[in-house]
file query-v2.pdb (PDB, C-alpha atoms)
MODEL        1
ATOM      1  CA  MET C   4     390.766  17.746  89.099
ATOM      2  CA  GLN C   5     387.501  17.828  87.201
ATOM      3  CA  GLU C   6     384.457  18.056  89.447
ATOM      4  CA  ARG C   7     382.663  14.711  89.129
ATOM      5  CA  TYR C   8     379.662  15.055  91.376
ATOM      6  CA  GLU C   9     376.366  16.822  90.837
ATOM      7  CA  HIS C  10     375.190  18.907  93.757
ATOM      8  CA  ARG C  11     371.697  20.373  93.891
ATOM      9  CA  PRO C  12     371.337  23.268  96.325
ATOM     10  CA  VAL C  13     368.558  22.518  98.789
ATOM     11  CA  MET C  14     365.653  24.997  99.173
ATOM     12  CA  LEU C  15     367.370  27.466  96.848
ATOM     13  CA  ASP C  16     364.371  29.726  96.176
ATOM     14  CA  ALA C  17     363.419  29.879  99.852
ATOM     15  CA  ALA C  18     367.010  30.690 100.839
ATOM     16  CA  LEU C  19     367.238  33.522  98.296
ATOM     17  CA  GLU C  20     363.891  34.879  99.441
ATOM     18  CA  GLY C  21     365.074  34.761 103.034
ATOM     19  CA  LEU C  22     368.313  36.607 102.257
ATOM     20  CA  ASN C  23     366.329  39.411 100.561
ATOM     21  CA  ILE C  24     369.337  40.174  98.354
ATOM     22  CA  ARG C  25     370.262  43.742  97.437
ATOM     23  CA  GLY C  26     372.382  44.313  94.351
ATOM     24  CA  ASP C  27     375.031  46.275  96.249
ATOM     25  CA  GLY C  28     374.918  44.155  99.411
ATOM     26  CA  TYR C  29     377.630  42.196 101.212
ATOM     27  CA  TYR C  30     376.887  38.501 101.772
ATOM     28  CA  ILE C  31     378.594  35.484 103.338
ATOM     29  CA  ASP C  32     377.981  31.891 102.274
ATOM     30  CA  ALA C  33     379.529  30.199 105.313
ATOM     31  CA  THR C  34     379.079  26.664 103.913
ATOM     32  CA  PHE C  35     380.031  26.901 100.220
ATOM     33  CA  GLY C  36     379.731  23.177  99.402
ATOM     34  CA  ARG C  37     379.795  23.095  95.625
ATOM     35  CA  GLY C  38     378.512  26.605  95.103
ATOM     36  CA  GLY C  39     374.876  26.199  94.103
ATOM     37  CA  HIS C  40     373.638  28.810  96.549
ATOM     38  CA  ALA C  41     376.677  31.032  95.914
ATOM     39  CA  ALA C  42     376.103  31.069  92.147
ATOM     40  CA  ALA C  43     372.483  32.109  92.624
ATOM     41  CA  ILE C  44     373.489  34.893  95.028
ATOM     42  CA  LEU C  45     376.064  36.212  92.546
ATOM     43  CA  GLU C  46     373.419  36.273  89.797
ATOM     44  CA  ARG C  47     371.473  38.751  91.931
ATOM     45  CA  LEU C  48     374.416  40.963  92.879
ATOM     46  CA  GLY C  49     375.423  44.029  90.900
ATOM     47  CA  PRO C  50     378.990  45.261  90.312
ATOM     48  CA  GLU C  51     379.181  46.744  93.834
ATOM     49  CA  GLY C  52     377.937  43.618  95.601
ATOM     50  CA  ARG C  53     380.313  41.188  97.311
ATOM     51  CA  LEU C  54     380.150  37.537  98.359
ATOM     52  CA  LEU C  55     382.545  35.830 100.777
ATOM     53  CA  ALA C  56     382.438  32.020 100.835
ATOM     54  CA  ILE C  57     383.834  29.784 103.591
ATOM     55  CA  ASP C  58     384.304  26.012 103.610
ATOM     56  CA  LYS C  59     386.383  23.511 105.586
ATOM     57  CA  ASP C  60     386.743  21.175 102.623
ATOM     58  CA  PRO C  61     389.839  21.935 100.505
ATOM     59  CA  GLU C  62     388.169  20.361  97.467
ATOM     60  CA  ALA C  63     385.205  22.725  97.855
ATOM     61  CA  VAL C  64     387.621  25.657  97.943
ATOM     62  CA  ARG C  65     389.339  24.414  94.777
ATOM     63  CA  VAL C  66     385.935  24.185  93.079
ATOM     64  CA  ALA C  67     385.104  27.729  94.225
ATOM     65  CA  ARG C  68     388.329  29.204  92.877
ATOM     66  CA  ARG C  69     387.932  27.414  89.558
ATOM     67  CA  ARG C  70     384.218  28.071  89.131
ATOM     68  CA  PHE C  71     384.294  31.780  89.971
ATOM     69  CA  ALA C  72     387.777  32.661  88.747
ATOM     70  CA  GLY C  73     387.834  36.231  87.514
ATOM     71  CA  ASP C  74     384.693  37.342  89.372
ATOM     72  CA  ARG C  75     385.978  40.251  91.444
ATOM     73  CA  ARG C  76     382.848  40.229  93.584
ATOM     74  CA  PHE C  77     383.698  36.781  94.985
ATOM     75  CA  PHE C  78     386.190  35.705  97.662
ATOM     76  CA  VAL C  79     386.689  32.281  99.270
ATOM     77  CA  GLU C  80     388.474  31.182 102.450
ATOM     78  CA  GLN C  81     389.215  27.671 103.640
ATOM     79  CA  GLY C  82     388.418  26.860 107.255
ATOM     80  CA  SER C  83     385.627  26.445 109.750
ATOM     81  CA  PHE C  84     382.787  28.932 109.810
ATOM     82  CA  VAL C  85     383.789  29.756 113.382
ATOM     83  CA  LYS C  86     386.233  32.138 111.621
ATOM     84  CA  LEU C  87     383.220  34.205 110.512
ATOM     85  CA  GLU C  88     383.816  37.259 112.688
ATOM     86  CA  THR C  89     387.582  37.205 112.135
ATOM     87  CA  LEU C  90     387.134  37.107 108.360
ATOM     88  CA  ALA C  91     384.505  39.840 108.487
ATOM     89  CA  LYS C  92     386.931  42.055 110.427
ATOM     90  CA  GLN C  93     389.746  41.363 107.978
ATOM     91  CA  ASN C  94     387.538  42.505 105.102
ATOM     92  CA  GLY C  95     386.191  45.524 106.983
ATOM     93  CA  TRP C  96     382.704  43.976 106.985
ATOM     94  CA  ARG C  97     382.038  43.637 110.722
ATOM     95  CA  GLY C  98     378.535  44.993 111.318
ATOM     96  CA  GLU C  99     378.111  45.609 107.575
ATOM     97  CA  VAL C 100     376.968  42.233 106.214
ATOM     98  CA  ASP C 101     373.518  42.085 104.621
ATOM     99  CA  GLY C 102     373.058  38.326 104.717
ATOM    100  CA  ILE C 103     374.623  35.121 106.039
ATOM    101  CA  LEU C 104     373.697  31.677 104.693
ATOM    102  CA  LEU C 105     374.356  28.385 106.500
ATOM    103  CA  ASP C 106     373.583  25.109 104.715
ATOM    104  CA  LEU C 107     374.556  22.663 107.454
ATOM    105  CA  GLY C 108     375.673  19.052 107.323
ATOM    106  CA  VAL C 109     377.487  17.054 104.673
ATOM    107  CA  SER C 110     377.212  17.791 100.944
ATOM    108  CA  SER C 111     376.164  15.308  98.268
ATOM    109  CA  PRO C 112     379.637  15.240  96.621
ATOM    110  CA  GLN C 113     381.196  14.345  99.980
ATOM    111  CA  LEU C 114     378.713  11.496 100.438
ATOM    112  CA  ASP C 115     379.187  10.251  96.882
ATOM    113  CA  ASP C 116     382.991  10.177  97.043
ATOM    114  CA  ALA C 117     383.937   6.822  98.629
ATOM    115  CA  GLY C 118     387.404   8.173  99.362
ATOM    116  CA  ARG C 119     386.014  10.650 101.901
ATOM    117  CA  GLY C 120     384.559   7.908 104.105
ATOM    118  CA  PHE C 121     381.232   9.566 104.885
ATOM    119  CA  SER C 122     378.883   6.977 103.412
ATOM    120  CA  PHE C 123     378.049   3.409 104.378
ATOM    121  CA  ARG C 124     376.814   2.849 100.806
ATOM    122  CA  HIS C 125     380.294   3.098  99.254
ATOM    123  CA  ASP C 126     383.229   1.182 100.712
ATOM    124  CA  GLY C 127     386.249   3.360 101.331
ATOM    125  CA  PRO C 128     388.673   4.548 103.995
ATOM    126  CA  LEU C 129     386.921   5.442 107.255
ATOM    127  CA  ASP C 130     387.737   9.148 107.420
ATOM    128  CA  MET C 131     384.658  11.447 107.677
ATOM    129  CA  ARG C 132     386.643  14.673 108.171
ATOM    130  CA  MET C 133     385.326  17.739 106.357
ATOM    131  CA  ASP C 134     388.980  18.832 106.156
ATOM    132  CA  PRO C 135     391.074  15.674 105.621
ATOM    133  CA  GLY C 136     394.219  17.599 106.555
ATOM    134  CA  ARG C 137     393.122  18.409 110.100
ATOM    135  CA  GLY C 138     392.204  16.493 113.214
ATOM    136  CA  GLU C 139     391.466  12.862 113.892
ATOM    137  CA  SER C 140     389.802  10.557 111.374
ATOM    138  CA  ALA C 141     386.852   8.344 112.298
ATOM    139  CA  ALA C 142     389.121   5.277 112.084
ATOM    140  CA  GLU C 143     391.658   6.832 114.453
ATOM    141  CA  TRP C 144     388.941   7.794 116.926
ATOM    142  CA  LEU C 145     387.324   4.346 116.861
ATOM    143  CA  GLU C 146     390.735   2.767 117.482
ATOM    144  CA  ARG C 147     391.323   4.687 120.725
ATOM    145  CA  ALA C 148     387.836   5.483 122.106
ATOM    146  CA  THR C 149     386.477   3.462 125.013
ATOM    147  CA  GLU C 150     383.307   1.419 124.707
ATOM    148  CA  ARG C 151     381.514   3.961 126.854
ATOM    149  CA  GLU C 152     382.698   6.923 124.739
ATOM    150  CA  ILE C 153     381.550   5.255 121.518
ATOM    151  CA  ALA C 154     378.147   4.403 122.988
ATOM    152  CA  GLU C 155     377.694   7.971 124.265
ATOM    153  CA  VAL C 156     378.470   9.488 120.845
ATOM    154  CA  LEU C 157     376.105   7.103 119.042
ATOM    155  CA  TRP C 158     373.305   7.919 121.461
ATOM    156  CA  LYS C 159     373.941  11.662 121.830
ATOM    157  CA  TYR C 160     374.362  12.522 118.149
ATOM    158  CA  GLY C 161     372.502   9.678 116.445
ATOM    159  CA  GLU C 162     369.841   8.744 118.988
ATOM    160  CA  GLU C 163     370.821   5.153 118.225
ATOM    161  CA  ARG C 164     368.787   2.790 120.432
ATOM    162  CA  PHE C 165     371.358   0.029 120.157
ATOM    163  CA  SER C 166     374.364   2.245 120.855
ATOM    164  CA  ARG C 167     375.704   0.017 123.633
ATOM    165  CA  ARG C 168     375.453  -3.142 121.546
ATOM    166  CA  ILE C 169     377.227  -1.484 118.630
ATOM    167  CA  ALA C 170     379.961  -0.025 120.832
ATOM    168  CA  ARG C 171     380.523  -3.367 122.526
ATOM    169  CA  ARG C 172     380.945  -5.126 119.188
ATOM    170  CA  ILE C 173     383.282  -2.461 117.786
ATOM    171  CA  VAL C 174     385.594  -2.758 120.790
ATOM    172  CA  ALA C 175     385.496  -6.580 120.719
ATOM    173  CA  VAL C 176     386.277  -6.784 117.005
ATOM    174  CA  ARG C 177     389.101  -4.249 117.093
ATOM    175  CA  SER C 178     390.771  -6.099 119.992
ATOM    176  CA  GLN C 179     390.510  -9.450 118.206
ATOM    177  CA  GLU C 180     390.986  -8.517 114.555
ATOM    178  CA  GLY C 181     392.640  -5.103 114.561
ATOM    179  CA  PRO C 182     391.495  -1.544 113.754
ATOM    180  CA  ILE C 183     388.334  -0.835 111.763
ATOM    181  CA  THR C 184     389.597   1.203 108.842
ATOM    182  CA  THR C 185     386.904   1.024 106.140
ATOM    183  CA  THR C 186     383.306   2.191 105.909
ATOM    184  CA  GLY C 187     382.168  -1.183 104.618
ATOM    185  CA  ARG C 188     383.579  -3.045 107.603
ATOM    186  CA  LEU C 189     382.034  -0.618 110.077
ATOM    187  CA  ALA C 190     378.656  -0.805 108.341
ATOM    188  CA  ARG C 191     378.713  -4.620 108.518
ATOM    189  CA  LEU C 192     379.581  -4.590 112.224
ATOM    190  CA  ILE C 193     376.709  -2.229 112.922
ATOM    191  CA  ALA C 194     374.268  -4.361 110.925
ATOM    192  CA  GLN C 195     375.361  -7.433 112.873
ATOM    193  CA  SER C 196     374.803  -5.602 116.169
ATOM    194  CA  VAL C 197     371.275  -4.344 115.515
ATOM    195  CA  PRO C 198     368.517  -6.863 116.339
ATOM    196  CA  ARG C 199     365.694  -4.813 114.822
ATOM    197  CA  ARG C 200     365.740  -2.511 111.812
ATOM    198  CA  GLU C 201     363.775   0.623 111.043
ATOM    199  CA  PRO C 202     361.684   0.216 107.872
ATOM    200  CA  GLY C 203     363.348   1.833 104.883
ATOM    201  CA  LYS C 204     366.499   2.825 106.794
ATOM    202  CA  ASP C 205     369.923   1.189 106.700
ATOM    203  CA  PRO C 206     370.992   0.117 110.215
ATOM    204  CA  ALA C 207     374.233   2.104 109.845
ATOM    205  CA  THR C 208     372.481   5.438 109.176
ATOM    206  CA  ARG C 209     372.314   6.766 112.724
ATOM    207  CA  SER C 210     375.782   5.597 113.740
ATOM    208  CA  PHE C 211     377.534   7.054 110.689
ATOM    209  CA  GLN C 212     375.723  10.352 111.235
ATOM    210  CA  ALA C 213     376.704  10.422 114.907
ATOM    211  CA  ILE C 214     380.369   9.651 114.278
ATOM    212  CA  ARG C 215     380.558  12.311 111.538
ATOM    213  CA  ILE C 216     379.011  14.961 113.781
ATOM    214  CA  HIS C 217     381.440  14.070 116.576
ATOM    215  CA  ILE C 218     384.565  13.971 114.395
ATOM    216  CA  ASN C 219     383.814  17.392 112.894
ATOM    217  CA  ARG C 220     382.519  18.998 116.121
ATOM    218  CA  GLU C 221     379.515  20.134 114.109
ATOM    219  CA  LEU C 222     377.189  21.086 116.962
ATOM    220  CA  GLU C 223     379.912  22.709 119.069
ATOM    221  CA  GLU C 224     381.015  24.849 116.119
ATOM    222  CA  LEU C 225     377.424  25.822 115.333
ATOM    223  CA  ARG C 226     376.952  27.030 118.918
ATOM    224  CA  GLU C 227     380.203  28.992 118.643
ATOM    225  CA  LEU C 228     379.209  30.555 115.333
ATOM    226  CA  LEU C 229     375.660  31.769 115.964
ATOM    227  CA  PRO C 230     376.486  34.584 118.448
ATOM    228  CA  GLN C 231     379.057  35.908 115.973
ATOM    229  CA  THR C 232     376.319  36.568 113.426
ATOM    230  CA  LEU C 233     374.910  39.291 115.698
ATOM    231  CA  ARG C 234     378.195  41.193 115.501
ATOM    232  CA  VAL C 235     378.715  40.614 111.776
ATOM    233  CA  LEU C 236     375.257  41.434 110.406
ATOM    234  CA  ALA C 237     374.220  45.000 109.651
ATOM    235  CA  PRO C 238     370.854  46.256 110.958
ATOM    236  CA  GLY C 239     368.299  44.655 108.653
ATOM    237  CA  GLY C 240     370.753  41.909 107.667
ATOM    238  CA  ARG C 241     369.355  38.387 107.424
ATOM    239  CA  LEU C 242     370.546  35.061 108.841
ATOM    240  CA  VAL C 243     369.279  32.060 106.837
ATOM    241  CA  VAL C 244     369.952  28.554 108.154
ATOM    242  CA  ILE C 245     369.140  25.222 106.511
ATOM    243  CA  SER C 246     369.381  22.293 108.938
ATOM    244  CA  PHE C 247     369.123  18.571 108.221
ATOM    245  CA  HIS C 248     369.267  17.156 111.736
ATOM    246  CA  SER C 249     366.909  17.735 114.659
ATOM    247  CA  LEU C 250     369.809  18.572 117.001
ATOM    248  CA  GLU C 251     371.095  21.264 114.617
ATOM    249  CA  ASP C 252     367.644  22.708 114.102
ATOM    250  CA  ARG C 253     366.999  22.790 117.848
ATOM    251  CA  ILE C 254     370.147  24.875 118.390
ATOM    252  CA  VAL C 255     369.213  27.296 115.590
ATOM    253  CA  LYS C 256     365.579  27.564 116.686
ATOM    254  CA  ARG C 257     366.555  28.294 120.301
ATOM    255  CA  PHE C 258     369.146  30.896 119.290
ATOM    256  CA  MET C 259     366.770  32.778 116.999
ATOM    257  CA  ARG C 260     363.923  32.586 119.513
ATOM    258  CA  ASP C 261     366.105  33.858 122.366
ATOM    259  CA  GLN C 262     367.467  36.749 120.291
ATOM    260  CA  ALA C 263     363.954  37.704 119.195
ATOM    261  CA  ARG C 264     362.714  37.609 122.777
ATOM    262  CA  GLY C 265     365.516  39.719 124.218
ATOM    263  CA  ASP C 266     366.777  39.914 127.793
ATOM    264  CA  ASP C 267     365.652  37.122 130.095
ATOM    265  CA  PHE C 268     363.446  38.969 132.567
ATOM    266  CA  PRO C 269     360.887  37.119 134.749
ATOM    267  CA  PRO C 270     357.658  36.694 132.716
ATOM    268  CA  ASP C 271     355.530  38.584 135.256
ATOM    269  CA  LEU C 272     357.787  41.672 135.277
ATOM    270  CA  PRO C 273     356.004  44.644 133.618
ATOM    271  CA  VAL C 274     358.546  45.601 130.926
ATOM    272  CA  SER C 275     357.948  46.576 127.307
ATOM    273  CA  ARG C 276     359.332  44.722 124.325
ATOM    274  CA  GLU C 277     361.744  47.610 123.688
ATOM    275  CA  GLN C 278     363.090  47.301 127.222
ATOM    276  CA  LEU C 279     363.854  43.632 126.598
ATOM    277  CA  LYS C 280     366.270  44.767 123.854
ATOM    278  CA  PRO C 281     365.680  42.013 121.297
ATOM    279  CA  MET C 282     368.529  41.602 118.821
ATOM    280  CA  MET C 283     366.609  39.885 116.016
ATOM    281  CA  ARG C 284     363.135  39.355 114.646
ATOM    282  CA  LEU C 285     361.887  36.120 113.174
ATOM    283  CA  ILE C 286     360.963  36.205 109.478
ATOM    284  CA  GLY C 287     358.088  33.807 108.972
ATOM    285  CA  ALA C 288     357.823  30.289 110.297
ATOM    286  CA  ALA C 289     360.184  27.380 109.691
ATOM    287  CA  ARG C 290     359.888  26.096 106.123
ATOM    288  CA  ARG C 291     360.359  22.714 104.491
ATOM    289  CA  ALA C 292     360.947  21.690 100.897
ATOM    290  CA  ASP C 293     357.804  21.413  98.779
ATOM    291  CA  ALA C 294     356.636  18.312  96.944
ATOM    292  CA  ASP C 295     358.200  19.341  93.626
ATOM    293  CA  GLU C 296     361.656  19.724  95.163
ATOM    294  CA  LEU C 297     361.351  16.475  97.089
ATOM    295  CA  ALA C 298     360.521  14.650  93.865
ATOM    296  CA  GLU C 299     363.684  16.008  92.216
ATOM    297  CA  ASN C 300     366.006  15.978  95.250
ATOM    298  CA  PRO C 301     365.257  13.420  98.003
ATOM    299  CA  ARG C 302     368.094  14.888 100.117
ATOM    300  CA  ALA C 303     365.785  17.819 100.873
ATOM    301  CA  ARG C 304     363.294  15.667 102.789
ATOM    302  CA  SER C 305     364.794  16.456 106.208
ATOM    303  CA  ALA C 306     365.692  20.101 105.480
ATOM    304  CA  VAL C 307     364.325  22.855 107.713
ATOM    305  CA  LEU C 308     364.923  26.510 106.800
ATOM    306  CA  ARG C 309     364.733  29.348 109.340
ATOM    307  CA  VAL C 310     365.249  33.081 108.839
ATOM    308  CA  ALA C 311     365.908  35.891 111.319
ATOM    309  CA  GLU C 312     366.725  39.576 110.769
ATOM    310  CA  ARG C 313     369.173  41.671 112.782
ATOM    311  CA  LEU C 314     367.508  44.626 114.482
ATOM    312  CA  ALA C 315     369.107  48.042 114.784
TER     313      ALA C 315
ENDMDL
END
call {"tool": "encode", "arguments": {"input": "query-v2.pdb", "output": "C-alpha cells"}}
result
Amino acid sequence: MQERYEHRPVMLDAALEGLNIRGDGYYIDATFGRGGHAAAILERLGPEGRLLAIDKDPEAVRVARRRFAGDRRFFVEQGSFVKLETLAKQNGWRGEVDGILLDLGVSSPQLDDAGRGFSFRHDGPLDMRMDPGRGESAAEWLERATEREIAEVLWKYGEERFSRRIARRIVAVRSQEGPITTTGRLARLIAQSVPRREPGKDPATRSFQAIRIHINRELEELRELLPQTLRVLAPGGRLVVISFHSLEDRIVKRFMRDQARGDDFPPDLPVSREQLKPMMRLIGAARRADADELAENPRARSAVLRVAERLA
C-alpha cells in the first residue's frame, strides 16, 4: 500500500546532535514511526555502520522494508521496544551500541488514519492499538471495564478533572444503547460530560490520550525498557529520548538523573562520586523545539528531548 501520510520527525537536528553519530557506529531507532529519524541517521553512517529499527506497528515495518530495501546497513523488527536487549543479543550488539533513539507516543500517520482509531477528529473504529493484531482494543476495554476503572485511567494517564463524570456516562450509555465502538461516538459522550472546557483544547483530548496510553501499556513498557539501555549501550554510547507527555518525561528524567547520581547512599555520607558508581552522565539540559520548528510542525510544541551518555 502506498504511504499516504506525511510525517515530520520532531527535533531532528537536536536528536542527531545528541546521538553524536560515528560513521562506523551501531545504532538503534527503537520507535521507527515513518523513518524520518532513521533516514537521517543512515545519511551519516558509512559502509560499516549499522542501524536496527523497532516498531510495534506492522504498517510502520512495511514502510521501513519498502523505504530502505537494499540498504545492507539497515534492519527492522516488529514488536515492542521492550525487546531491545533480546534483539541486541541476537545481533551480537549487547554492550556495543553507540546510540539509542526513542521518539515516544503516537505518530502523525497513526493520528491521521481514521481506521486506527487514535483521533477524536476523524470518526473511525475505536481501536487505538499500536499493533492492531495484538491485545485488547479501546472499544473492547470500554465494554468490559468498570466505572471505577475507567475513571482511574482517565485521571491517572490524562489528568482529566471530570474523569468520574465521563466514566459514569460511558457506563450508562453502553448499558442502555450498547457498546461504544467508534471514535466519534466516544468524543461526543465526553463532550456531553464535561461542564467546562479548556480554551483551545477539545474536551476529548485528555481522555483519548489516557485510553491510548492504557491500551498500549506505554508507561509500563517505558519503565521496562530504560534499564535495558544500560546493558545495550557501549561506554560512551548515547541515549536520546523525545517525550510528548509529562508522565513520560518524568520517568525518563528520573531514570537519567538516578543513573547519573549513582548508588543511593545517605547524602551526609562522605563518599566520592567515583564510589557512587554512576552509570551515565547527563549531556546538557532538557531541550524543546525552537520557534522555527514550531511554526512548521505544531506537533513539536509539547516535545522534550533529553540525552544521557553511558559511562565506562
call {"tool": "residues_around", "arguments": {"input": "query-v2.pdb", "residues": "Ala311 (chain C)", "least_positions_apart": "5", "cutoff": "9 Å", "atoms": "all atoms listed in the file", "output": "MDAnalysis selection string"}}
result
chainID C and resid 21 240:244 259 263 283:287
call {"tool": "write_last_selection", "arguments": {"input": "query-v2.pdb", "atoms": "C-alpha atoms", "output": "CSV table (one decimal), in the coordinates of the input"}}
result
chain,number,residue,atom,x,y,z
C,21,GLY,CA,365.1,34.8,103.0
C,240,GLY,CA,370.8,41.9,107.7
C,241,ARG,CA,369.4,38.4,107.4
C,242,LEU,CA,370.5,35.1,108.8
C,243,VAL,CA,369.3,32.1,106.8
C,244,VAL,CA,370.0,28.6,108.2
C,259,MET,CA,366.8,32.8,117.0
C,263,ALA,CA,364.0,37.7,119.2
C,283,MET,CA,366.6,39.9,116.0
C,284,ARG,CA,363.1,39.4,114.6
C,285,LEU,CA,361.9,36.1,113.2
C,286,ILE,CA,361.0,36.2,109.5
C,287,GLY,CA,358.1,33.8,109.0
call {"tool": "residues_around", "arguments": {"input": "query-v2.pdb", "residues": "region 179-183 of chain C", "least_positions_apart": "4", "cutoff": "7 Å", "atoms": "only C-alpha atoms", "output": "JSON, numbers by chain"}}
result
{"C": [142, 146, 175, 188, 189]}
call {"tool": "resolve_selection", "arguments": {"input": "query-v2.pdb", "expression": "the PyMOL selection byres ((chain C and resi 134) around 10)", "output": "count of residues only"}}
result
20
call {"tool": "resolve_selection", "arguments": {"input": "query-v2.pdb", "expression": "the PyMOL selection byres ((chain C and resi 220) around 12)", "output": "list in words"}}
result
Ser83, Phe84, Val85, Gly108, Met131, Arg132, Met133, Asp134, Gly138, Glu139, Val156, Tyr160, Ala213, Ile214, Arg215, Ile216, His217, Ile218, Asn219, Glu221, Leu222, Glu223, Glu224, Leu225, Arg226, Glu227 and Glu251 of chain C
call {"tool": "residues_around", "arguments": {"input": "query-v2.pdb", "residues": "Ala117 (chain C)", "least_positions_apart": "6", "cutoff": "12 Å", "atoms": "only C-alpha atoms", "output": "CSV table (one decimal) with C-alpha atoms, keeping the file's coordinate frame"}}
result
chain,number,residue,atom,x,y,z
C,8,TYR,CA,379.7,15.1,91.4
C,111,SER,CA,376.2,15.3,98.3
C,123,PHE,CA,378.0,3.4,104.4
C,124,ARG,CA,376.8,2.8,100.8
C,125,HIS,CA,380.3,3.1,99.3
C,126,ASP,CA,383.2,1.2,100.7
C,127,GLY,CA,386.2,3.4,101.3
C,128,PRO,CA,388.7,4.5,104.0
C,129,LEU,CA,386.9,5.4,107.3
C,130,ASP,CA,387.7,9.1,107.4
C,131,MET,CA,384.7,11.4,107.7
C,185,THR,CA,386.9,1.0,106.1
C,186,THR,CA,383.3,2.2,105.9
C,187,GLY,CA,382.2,-1.2,104.6
call {"tool": "resolve_selection", "arguments": {"input": "query-v2.pdb", "expression": "the PyMOL selection byres ((chain C and resi 19) around 10)", "output": "tab-separated table (two decimals) with C-alpha atoms, in the frame of the given file"}}
result
chain	number	residue	atom	x	y	z
C	14	MET	CA	365.65	25.00	99.17
C	15	LEU	CA	367.37	27.47	96.85
C	16	ASP	CA	364.37	29.73	96.18
C	17	ALA	CA	363.42	29.88	99.85
C	18	ALA	CA	367.01	30.69	100.84
C	20	GLU	CA	363.89	34.88	99.44
C	21	GLY	CA	365.07	34.76	103.03
C	22	LEU	CA	368.31	36.61	102.26
C	23	ASN	CA	366.33	39.41	100.56
C	24	ILE	CA	369.34	40.17	98.35
C	40	HIS	CA	373.64	28.81	96.55
C	43	ALA	CA	372.48	32.11	92.62
C	44	ILE	CA	373.49	34.89	95.03
C	47	ARG	CA	371.47	38.75	91.93
C	102	GLY	CA	373.06	38.33	104.72
C	104	LEU	CA	373.70	31.68	104.69
C	243	VAL	CA	369.28	32.06	106.84
